[in-house]
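Quick look at input17.pdb (PDB, C-alpha atoms, pLDDT in the B column):
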ATOM      1  CA  MET A   1       0.000   0.000   0.000  1.00 50.00           C
ATOM      2  CA  THR A   2       1.515   3.312  -1.099  1.00 46.00           C
ATOM      3  CA  ALA A   3       1.730   6.474   0.958  1.00 43.00           C
ATOM      4  CA  ARG A   4      -0.868   8.065  -1.305  1.00 40.00           C
ATOM      5  CA  THR A   5      -3.283   5.175  -0.735  1.00 41.00           C
ATOM      6  CA  VAL A   6      -2.804   5.462   3.019  1.00 37.00           C
ATOM      7  CA  THR A   7      -3.550   9.181   2.821  1.00 37.00           C
ATOM      8  CA  VAL A   8      -6.736   8.534   0.834  1.00 38.00           C
ATOM      9  CA  PHE A   9      -7.957   5.991   3.387  1.00 41.00           C
ATOM     10  CA  LEU A  10      -7.133   8.229   6.352  1.00 34.00           C
ATOM     11  CA  THR A  11      -8.867  11.203   4.746  1.00 40.00           C
ATOM     12  CA  ALA A  12     -11.904   9.125   3.872  1.00 43.00           C
ATOM     13  CA  GLY A  13     -12.101   7.740   7.393  1.00 46.00           C
ATOM     14  CA  LEU A  14     -11.905  11.180   8.966  1.00 38.00           C
ATOM     15  CA  ILE A  15     -14.639  12.564   6.725  1.00 43.00           C
ATOM     16  CA  ALA A  16     -16.863   9.580   7.365  1.00 48.00           C
ATOM     17  CA  ALA A  17     -16.459   9.964  11.124  1.00 44.00           C
ATOM     18  CA  VAL A  18     -17.452  13.621  10.967  1.00 45.00           C
ATOM     19  CA  ALA A  19     -20.315  13.140   8.517  1.00 47.00           C
ATOM     20  CA  GLY A  20     -21.726   9.949   9.939  1.00 48.00           C
ATOM     21  CA  CYS A  21     -21.372   8.310   6.539  1.00 50.00           C
ATOM     22  CA  SER A  22     -20.063   5.016   5.264  1.00 45.00           C
ATOM     23  CA  PHE A  23     -18.618   4.283   1.871  1.00 48.00           C
ATOM     24  CA  VAL A  24     -16.193   2.037  -0.003  1.00 50.00           C
ATOM     25  CA  VAL A  25     -12.865   3.300  -1.328  1.00 49.00           C
ATOM     26  CA  GLN A  26     -10.971   1.169  -3.819  1.00 52.00           C
ATOM     27  CA  PRO A  27      -7.160   1.620  -3.798  1.00 52.00           C
ATOM     28  CA  GLY A  28      -5.731   2.977  -7.003  1.00 55.00           C
ATOM     29  CA  ARG A  29      -8.955   4.439  -8.356  1.00 61.00           C
ATOM     30  CA  ARG A  30      -8.572   8.082  -9.343  1.00 61.00           C
ATOM     31  CA  SER A  31     -12.318   8.620  -9.110  1.00 62.00           C
ATOM     32  CA  ASP A  32     -12.158   7.985  -5.347  1.00 62.00           C
ATOM     33  CA  VAL A  33     -10.180  11.181  -4.799  1.00 62.00           C
ATOM     34  CA  GLU A  34     -12.968  13.173  -6.441  1.00 60.00           C
ATOM     35  CA  LYS A  35     -15.630  11.321  -4.444  1.00 60.00           C
ATOM     36  CA  ILE A  36     -13.790  12.096  -1.215  1.00 60.00           C
ATOM     37  CA  ARG A  37     -13.544  15.751  -2.234  1.00 57.00           C
ATOM     38  CA  GLN A  38     -17.304  15.838  -2.883  1.00 58.00           C
ATOM     39  CA  LEU A  39     -18.008  14.262   0.489  1.00 59.00           C
ATOM     40  CA  SER A  40     -15.699  16.765   2.163  1.00 60.00           C
ATOM     41  CA  ASP A  41     -17.660  19.590   0.536  1.00 58.00           C
ATOM     42  CA  LYS A  42     -20.910  18.167   1.925  1.00 64.00           C
ATOM     43  CA  VAL A  43     -19.414  17.932   5.407  1.00 71.00           C
ATOM     44  CA  ASP A  44     -18.401  21.588   5.105  1.00 80.00           C
ATOM     45  CA  GLU A  45     -21.952  22.532   4.086  1.00 88.00           C
ATOM     46  CA  LEU A  46     -23.437  20.803   7.133  1.00 90.00           C
ATOM     47  CA  THR A  47     -20.857  22.427   9.393  1.00 92.00           C
ATOM     48  CA  GLU A  48     -21.692  25.859   7.992  1.00 93.00           C
ATOM     49  CA  ALA A  49     -25.425  25.190   8.338  1.00 94.00           C
ATOM     50  CA  GLN A  50     -24.901  24.249  11.981  1.00 95.00           C
ATOM     51  CA  ARG A  51     -22.927  27.449  12.603  1.00 95.00           C
ATOM     52  CA  ILE A  52     -25.650  29.607  11.051  1.00 96.00           C
ATOM     53  CA  LEU A  53     -28.386  27.833  13.004  1.00 96.00           C
ATOM     54  CA  GLU A  54     -26.454  28.285  16.243  1.00 96.00           C
ATOM     55  CA  GLU A  55     -26.368  32.024  15.562  1.00 96.00           C
ATOM     56  CA  ARG A  56     -30.003  32.380  14.506  1.00 96.00           C
ATOM     57  CA  LEU A  57     -31.365  30.117  17.250  1.00 97.00           C
ATOM     58  CA  ALA A  58     -29.116  31.489  19.979  1.00 97.00           C
ATOM     59  CA  ARG A  59     -32.050  32.578  22.154  1.00 96.00           C
ATOM     60  CA  GLU A  60     -33.878  29.281  21.780  1.00 96.00           C
ATOM     61  CA  ILE A  61     -30.697  27.335  22.510  1.00 96.00           C
ATOM     62  CA  GLY A  62     -29.997  29.521  25.541  1.00 96.00           C
ATOM     63  CA  ASP A  63     -33.534  28.926  26.810  1.00 95.00           C
ATOM     64  CA  LYS A  64     -33.081  25.155  26.264  1.00 94.00           C
ATOM     65  CA  GLU A  65     -35.940  25.072  23.790  1.00 96.00           C
ATOM     66  CA  VAL A  66     -33.720  23.864  20.938  1.00 97.00           C
ATOM     67  CA  GLN A  67     -30.603  21.727  20.813  1.00 97.00           C
ATOM     68  CA  LEU A  68     -28.257  21.259  17.843  1.00 97.00           C
ATOM     69  CA  THR A  69     -26.139  18.122  17.579  1.00 96.00           C
ATOM     70  CA  ARG A  70     -24.193  16.206  14.959  1.00 94.00           C
ATOM     71  CA  GLN A  71     -25.148  12.557  15.132  1.00 93.00           C
ATOM     72  CA  GLU A  72     -24.519   9.542  12.957  1.00 90.00           C
ATOM     73  CA  LYS A  73     -27.804  10.181  11.159  1.00 93.00           C
ATOM     74  CA  GLY A  74     -26.942  13.814  10.370  1.00 94.00           C
ATOM     75  CA  LEU A  75     -27.402  17.335  11.708  1.00 96.00           C
ATOM     76  CA  VAL A  76     -30.187  17.158  14.294  1.00 98.00           C
ATOM     77  CA  ILE A  77     -32.286  20.186  15.270  1.00 98.00           C
ATOM     78  CA  ASN A  78     -34.140  19.084  18.385  1.00 98.00           C
ATOM     79  CA  PHE A  79     -37.219  21.094  19.408  1.00 98.00           C
ATOM     80  CA  VAL A  80     -38.756  20.484  22.825  1.00 96.00           C
ATOM     81  CA  ALA A  81     -42.338  19.653  21.835  1.00 97.00           C
ATOM     82  CA  ASP A  82     -43.825  21.843  24.588  1.00 96.00           C
ATOM     83  CA  ILE A  83     -42.417  24.838  22.702  1.00 96.00           C
ATOM     84  CA  LEU A  84     -44.140  23.812  19.469  1.00 98.00           C
ATOM     85  CA  PHE A  85     -47.423  22.360  20.758  1.00 97.00           C
ATOM     86  CA  ASP A  86     -49.866  22.601  23.625  1.00 95.00           C
ATOM     87  CA  SER A  87     -50.176  19.468  25.748  1.00 91.00           C
ATOM     88  CA  GLY A  88     -51.852  16.651  23.809  1.00 92.00           C
ATOM     89  CA  LYS A  89     -52.191  18.812  20.681  1.00 95.00           C
ATOM     90  CA  ALA A  90     -50.684  18.581  17.210  1.00 97.00           C
ATOM     91  CA  LYS A  91     -51.401  22.122  16.011  1.00 97.00           C
ATOM     92  CA  LEU A  92     -48.310  24.337  15.944  1.00 98.00           C
ATOM     93  CA  LYS A  93     -48.370  27.257  18.362  1.00 98.00           C
ATOM     94  CA  ALA A  94     -48.285  30.639  16.657  1.00 97.00           C
ATOM     95  CA  GLU A  95     -45.354  31.713  18.826  1.00 96.00           C
ATOM     96  CA  ALA A  96     -43.317  28.727  17.632  1.00 95.00           C
ATOM     97  CA  LEU A  97     -43.416  29.669  13.963  1.00 98.00           C
ATOM     98  CA  ALA A  98     -40.620  32.243  14.155  1.00 97.00           C
ATOM     99  CA  SER A  99     -38.183  29.563  15.310  1.00 97.00           C
ATOM    100  CA  LEU A 100     -39.260  27.171  12.564  1.00 98.00           C
ATOM    101  CA  ASP A 101     -38.902  30.002  10.061  1.00 98.00           C
ATOM    102  CA  LYS A 102     -35.223  30.335  10.988  1.00 97.00           C
ATOM    103  CA  VAL A 103     -34.715  26.644  10.348  1.00 98.00           C
ATOM    104  CA  ALA A 104     -36.634  26.766   7.062  1.00 98.00           C
ATOM    105  CA  ARG A 105     -34.457  29.594   5.803  1.00 97.00           C
ATOM    106  CA  VAL A 106     -31.301  27.558   6.380  1.00 97.00           C
ATOM    107  CA  LEU A 107     -32.890  24.493   4.775  1.00 97.00           C
ATOM    108  CA  ASN A 108     -33.711  26.529   1.681  1.00 97.00           C
ATOM    109  CA  GLU A 109     -30.577  28.644   1.436  1.00 96.00           C
ATOM    110  CA  ASN A 110     -27.693  26.638   2.879  1.00 95.00           C
ATOM    111  CA  VAL A 111     -28.519  22.934   2.493  1.00 95.00           C
ATOM    112  CA  ALA A 112     -31.020  23.074  -0.347  1.00 95.00           C
ATOM    113  CA  ASP A 113     -29.953  19.751  -1.882  1.00 92.00           C
ATOM    114  CA  PHE A 114     -30.045  17.713   1.344  1.00 95.00           C
ATOM    115  CA  LYS A 115     -32.898  15.418   2.377  1.00 97.00           C
ATOM    116  CA  VAL A 116     -34.682  16.353   5.612  1.00 98.00           C
ATOM    117  CA  GLY A 117     -36.515  14.090   8.038  1.00 98.00           C
ATOM    118  CA  ILE A 118     -38.964  15.198  10.723  1.00 98.00           C
ATOM    119  CA  GLU A 119     -39.182  12.790  13.661  1.00 98.00           C
ATOM    120  CA  GLY A 120     -41.892  12.913  16.319  1.00 98.00           C
ATOM    121  CA  HIS A 121     -41.339  11.608  19.874  1.00 98.00           C
ATOM    122  CA  THR A 122     -43.403  11.542  23.072  1.00 98.00           C
ATOM    123  CA  ASP A 123     -42.980  10.613  26.724  1.00 97.00           C
ATOM    124  CA  ASN A 124     -44.427   7.350  28.051  1.00 97.00           C
ATOM    125  CA  GLN A 125     -47.562   8.778  29.635  1.00 95.00           C
ATOM    126  CA  PRO A 126     -50.760   7.169  28.295  1.00 93.00           C
ATOM    127  CA  ILE A 127     -53.101   9.312  26.218  1.00 90.00           C
ATOM    128  CA  LYS A 128     -56.007  10.457  28.418  1.00 85.00           C
ATOM    129  CA  PHE A 129     -57.576  13.729  27.343  1.00 83.00           C
ATOM    130  CA  SER A 130     -56.758  13.856  23.631  1.00 84.00           C
ATOM    131  CA  PRO A 131     -58.363  12.346  20.514  1.00 90.00           C
ATOM    132  CA  TRP A 132     -55.248  10.333  19.663  1.00 93.00           C
ATOM    133  CA  LYS A 133     -55.391   6.579  20.100  1.00 93.00           C
ATOM    134  CA  SER A 134     -51.749   6.308  21.142  1.00 95.00           C
ATOM    135  CA  ASN A 135     -48.504   8.195  21.617  1.00 97.00           C
ATOM    136  CA  TRP A 136     -47.470   6.867  18.226  1.00 96.00           C
ATOM    137  CA  GLN A 137     -50.385   8.634  16.594  1.00 97.00           C
ATOM    138  CA  LEU A 138     -49.684  11.865  18.476  1.00 97.00           C
ATOM    139  CA  SER A 139     -46.011  11.818  17.511  1.00 98.00           C
ATOM    140  CA  SER A 140     -46.986  11.122  13.902  1.00 98.00           C
ATOM    141  CA  GLU A 141     -49.421  14.037  13.735  1.00 98.00           C
ATOM    142  CA  ARG A 142     -46.875  16.389  15.288  1.00 98.00           C
ATOM    143  CA  ALA A 143     -44.175  15.364  12.804  1.00 98.00           C
ATOM    144  CA  LEU A 144     -46.637  15.866   9.948  1.00 98.00           C
ATOM    145  CA  SER A 145     -47.636  19.300  11.273  1.00 98.00           C
ATOM    146  CA  VAL A 146     -44.008  20.425  11.105  1.00 98.00           C
ATOM    147  CA  LEU A 147     -43.569  18.826   7.679  1.00 98.00           C
ATOM    148  CA  ASP A 148     -46.692  20.520   6.335  1.00 98.00           C
ATOM    149  CA  TYR A 149     -45.595  23.899   7.665  1.00 98.00           C
ATOM    150  CA  LEU A 150     -42.137  23.634   6.125  1.00 98.00           C
ATOM    151  CA  SER A 151     -43.524  22.442   2.807  1.00 98.00           C
ATOM    152  CA  GLU A 152     -46.680  24.511   2.417  1.00 97.00           C
ATOM    153  CA  GLU A 153     -45.782  27.726   4.207  1.00 98.00           C
ATOM    154  CA  LYS A 154     -42.004  27.929   3.792  1.00 98.00           C
ATOM    155  CA  GLN A 155     -41.647  26.245   0.385  1.00 98.00           C
ATOM    156  CA  VAL A 156     -39.164  23.573   1.421  1.00 98.00           C
ATOM    157  CA  ALA A 157     -39.373  21.182  -1.548  1.00 98.00           C
ATOM    158  CA  PRO A 158     -41.708  18.319  -0.568  1.00 97.00           C
ATOM    159  CA  GLN A 159     -39.563  15.716  -2.321  1.00 98.00           C
ATOM    160  CA  ARG A 160     -36.837  16.472   0.220  1.00 97.00           C
ATOM    161  CA  LEU A 161     -39.061  15.794   3.217  1.00 98.00           C
ATOM    162  CA  SER A 162     -40.105  12.709   5.147  1.00 98.00           C
ATOM    163  CA  ALA A 163     -41.844  12.150   8.482  1.00 98.00           C
ATOM    164  CA  LEU A 164     -41.342   9.434  11.089  1.00 98.00           C
ATOM    165  CA  ALA A 165     -43.170   8.680  14.339  1.00 98.00           C
ATOM    166  CA  TYR A 166     -41.421   6.976  17.247  1.00 98.00           C
ATOM    167  CA  GLY A 167     -43.966   7.532  20.006  1.00 97.00           C
ATOM    168  CA  GLU A 168     -42.423   6.819  23.404  1.00 97.00           C
ATOM    169  CA  TYR A 169     -39.924   4.245  22.191  1.00 98.00           C
ATOM    170  CA  GLN A 170     -36.768   6.332  21.710  1.00 97.00           C
ATOM    171  CA  PRO A 171     -36.442   8.333  24.949  1.00 98.00           C
ATOM    172  CA  VAL A 172     -33.419  10.535  25.555  1.00 97.00           C
ATOM    173  CA  ALA A 173     -34.093  10.952  29.289  1.00 97.00           C
ATOM    174  CA  ASP A 174     -35.695   9.161  32.227  1.00 97.00           C
ATOM    175  CA  ASN A 175     -39.491   9.199  32.020  1.00 97.00           C
ATOM    176  CA  ALA A 176     -39.704   8.774  35.796  1.00 97.00           C
ATOM    177  CA  ALA A 177     -39.068  12.505  36.278  1.00 96.00           C
ATOM    178  CA  ALA A 178     -41.070  15.435  34.898  1.00 96.00           C
ATOM    179  CA  GLU A 179     -37.955  17.043  33.426  1.00 96.00           C
ATOM    180  CA  GLY A 180     -37.073  13.802  31.662  1.00 97.00           C
ATOM    181  CA  ARG A 181     -40.547  13.487  30.204  1.00 97.00           C
ATOM    182  CA  LYS A 182     -40.309  17.064  28.938  1.00 96.00           C
ATOM    183  CA  LEU A 183     -37.080  16.240  27.087  1.00 96.00           C
ATOM    184  CA  ASN A 184     -38.607  13.105  25.601  1.00 98.00           C
ATOM    185  CA  ARG A 185     -41.517  15.082  24.146  1.00 98.00           C
ATOM    186  CA  ARG A 186     -39.693  16.446  21.142  1.00 98.00           C
ATOM    187  CA  VAL A 187     -39.613  16.914  17.391  1.00 98.00           C
ATOM    188  CA  GLU A 188     -36.295  16.423  15.638  1.00 98.00           C
ATOM    189  CA  ILE A 189     -35.562  17.945  12.238  1.00 98.00           C
ATOM    190  CA  VAL A 190     -32.713  15.945  10.745  1.00 98.00           C
ATOM    191  CA  VAL A 191     -30.593  17.090   7.809  1.00 97.00           C
ATOM    192  CA  PHE A 192     -29.295  13.855   6.343  1.00 95.00           C
ATOM    193  CA  PRO A 193     -25.782  13.636   4.859  1.00 86.00           C
ATOM    194  CA  LYS A 194     -26.221  13.707   1.099  1.00 70.00           C
ATOM    195  CA  ILE A 195     -23.517  11.178   0.321  1.00 59.00           C
ATOM    196  CA  THR A 196     -24.063   8.028   2.347  1.00 49.00           C
ATOM    197  CA  ARG A 197     -22.245   5.400   0.341  1.00 51.00           C
ATOM    198  CA  VAL A 198     -19.961   5.291  -2.659  1.00 49.00           C
ATOM    199  CA  LYS A 199     -20.607   2.040  -4.525  1.00 50.00           C
ATOM    200  CA  GLU A 200     -18.096   0.140  -6.552  1.00 50.00           C
ATOM    201  CA  GLN A 201     -18.617   0.790 -10.244  1.00 50.00           C
TER     202      GLN A 201
END

What is this structure when it is put down as structure tokens?
Amino acid sequence: MTARTVTVFLTAGLIAAVAGCSFVVQPGRRSDVEKIRQLSDKVDELTEAQRILEERLAREIGDKEVQLTRQEKGLVINFVADILFDSGKAKLKAEALASLDKVARVLNENVADFKVGIEGHTDNQPIKFSPWKSNWQLSSERALSVLDYLSEEKQVAPQRLSALAYGEYQPVADNAAAEGRKLNRRVEIVVFPKITRVKEQ
């Protein structure tokens, strides 16, 4: 294995670790250098999008209403659901729209060719005073409310968007405490890495 090949593999590995991507690099293939460069550009775009969001959502982040993280699945914009919705409801609060507008602007201007997923989550408390049959249904309706707003009101291209509902089954905190349940009630907007795998040609 030549020094150049080692460099290609090390560079590819570093980019993959940062982007949360996986791909195959074949030694000696010139096209792999270009593919790595393209992936590096996409990592830079996500990094810049995160920086801009951190600036524009500084108040929300400071108030612990929003959290930005880079995870294996992509750039995650985590909204505490209580900020977006009234208890047991799936209609967006009017006061929440300004924060979503900031996100929509970045989606349209800075990562316009990236796919975006909206994921709904709840705590583990049974549905009592709402029309939903289950927490799964509530989390689904909330994810769809955010998706509809981004698509219909903010013109995020619908072919970029998808919605998922996880109900109570992916908690990030202990449901035994009120603060934990609050953190588990959330909607995550995920900007997926554009390049996920380079296939052998």

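Between CA of Gln50 (chain A) and CA of Leu68 (chain A) the separation is 7.4 Å.
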
Using the chain letters and numbering of this document, enumerate as a list in words the residues selected by the PyMOL selection byres ((chain A and resi 90) around 9). Leu84, Phe85, Asp86, Ser87, Gly88, Lys89, Lys91, Leu92, Leu138, Ser139, Ser140, Glu141, Arg142, Ala143, Leu144 and Ser145 of chain A

How would the residues just picked look written out with C-alpha atoms as a compact mmCIF listing (two decimals), keeping the file's coordinate frame?
# COMPACT_ATOMS: atom_id res chain seq x y z
CA LEU A 84 -44.14 23.81 19.47
CA PHE A 85 -47.42 22.36 20.76
CA ASP A 86 -49.87 22.60 23.62
CA SER A 87 -50.18 19.47 25.75
CA GLY A 88 -51.85 16.65 23.81
CA LYS A 89 -52.19 18.81 20.68
CA LYS A 91 -51.40 22.12 16.01
CA LEU A 92 -48.31 24.34 15.94
CA LEU A 138 -49.68 11.86 18.48
CA SER A 139 -46.01 11.82 17.51
CA SER A 140 -46.99 11.12 13.90
CA GLU A 141 -49.42 14.04 13.74
CA ARG A 142 -46.88 16.39 15.29
CA ALA A 143 -44.18 15.36 12.80
CA LEU A 144 -46.64 15.87 9.95
CA SER A 145 -47.64 19.30 11.27

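When CA of Ser151 (chain A) is paired with CA of Ala81 (chain A), their separation reads 19.3 Å.
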
Find, counting only C-alpha atoms, the residue in A:Val103, A:Val191, A:Glu168, A:Ser130 that gets nearest to Glu72 (chain A).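 Using only C-alpha atoms, the shortest distance to Glu72 (chain A) belongs to A:Val191.
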
Evaluate the PyMOL selection byres ((chain A and resi 110) around 10) and report residues as a list in words: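 On the file shown, the PyMOL selection byres ((chain A and resi 110) around 10) covers Glu45, Leu46, Glu48, Ala49, Gln50, Ile52, Ala104, Arg105, Val106, Leu107, Asn108, Glu109, Val111, Ala112, Asp113 and Phe114 of chain A.
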
Atoms to include: C-alpha atoms. Write the selected residues as a PDB file, in the coordinates of the input.
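This went into out.pdb:
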ATOM      1  CA  GLU A  45     -21.952  22.532   4.086  1.00 88.00           C
ATOM      2  CA  LEU A  46     -23.437  20.803   7.133  1.00 90.00           C
ATOM      3  CA  GLU A  48     -21.692  25.859   7.992  1.00 93.00           C
ATOM      4  CA  ALA A  49     -25.425  25.190   8.338  1.00 94.00           C
ATOM      5  CA  GLN A  50     -24.901  24.249  11.981  1.00 95.00           C
ATOM      6  CA  ILE A  52     -25.650  29.607  11.051  1.00 96.00           C
ATOM      7  CA  ALA A 104     -36.634  26.766   7.062  1.00 98.00           C
ATOM      8  CA  ARG A 105     -34.457  29.594   5.803  1.00 97.00           C
ATOM      9  CA  VAL A 106     -31.301  27.558   6.380  1.00 97.00           C
ATOM     10  CA  LEU A 107     -32.890  24.493   4.775  1.00 97.00           C
ATOM     11  CA  ASN A 108     -33.711  26.529   1.681  1.00 97.00           C
ATOM     12  CA  GLU A 109     -30.577  28.644   1.436  1.00 96.00           C
ATOM     13  CA  VAL A 111     -28.519  22.934   2.493  1.00 95.00           C
ATOM     14  CA  ALA A 112     -31.020  23.074  -0.347  1.00 95.00           C
ATOM     15  CA  ASP A 113     -29.953  19.751  -1.882  1.00 92.00           C
ATOM     16  CA  PHE A 114     -30.045  17.713   1.344  1.00 95.00           C
TER      17      PHE A 114
END

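Here CA of Ile83 (chain A) stands at a distance of 8.9 Å from CA of Val66 (chain A).
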
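Residues matching the PyMOL selection byres ((chain A and resi 170) around 12) in this structure come to Glu119, Gly120, His121, Thr122, Asp123, Asn124, Asn135, Trp136, Ser139, Leu164, Ala165, Tyr166, Gly167, Glu168, Tyr169, Pro171, Val172, Ala173, Asp174, Asn175, Arg181, Leu183, Asn184, Arg185, Arg186, Val187 and Glu188 of chain A.
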
Counting all atoms listed in the file, the option among A:Phe192, A:Asp148, A:Lys182, A:Ala176 closest to Glu65 (chain A):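 Closest to Glu65 (chain A), using all atoms listed in the file: A:Lys182.
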
Which of these, A:Glu179, A:Ser134, A:Phe129, A:Ala98, has the shortest distance to Arg59 (chain A) once you count all atoms listed in the file?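 For Arg59 (chain A), the nearest of the given residues is A:Ala98.
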
Report the centre and edge lengths, in Å to one decimal, of an axis-aligned box enclosing every atom of region 85-102 of chain A listed in the file, padded by 8 Å on each side, as JSON.
{"center_x": -43.7, "center_y": 24.4, "center_z": 17.9, "size_x": 33.0, "size_y": 31.6, "size_z": 31.7}

Could you check which of A:Glu55, A:Asn78, A:Ala94, A:Gly117 is closest to Pro158 (chain A), using all atoms listed in the file? A:Gly117
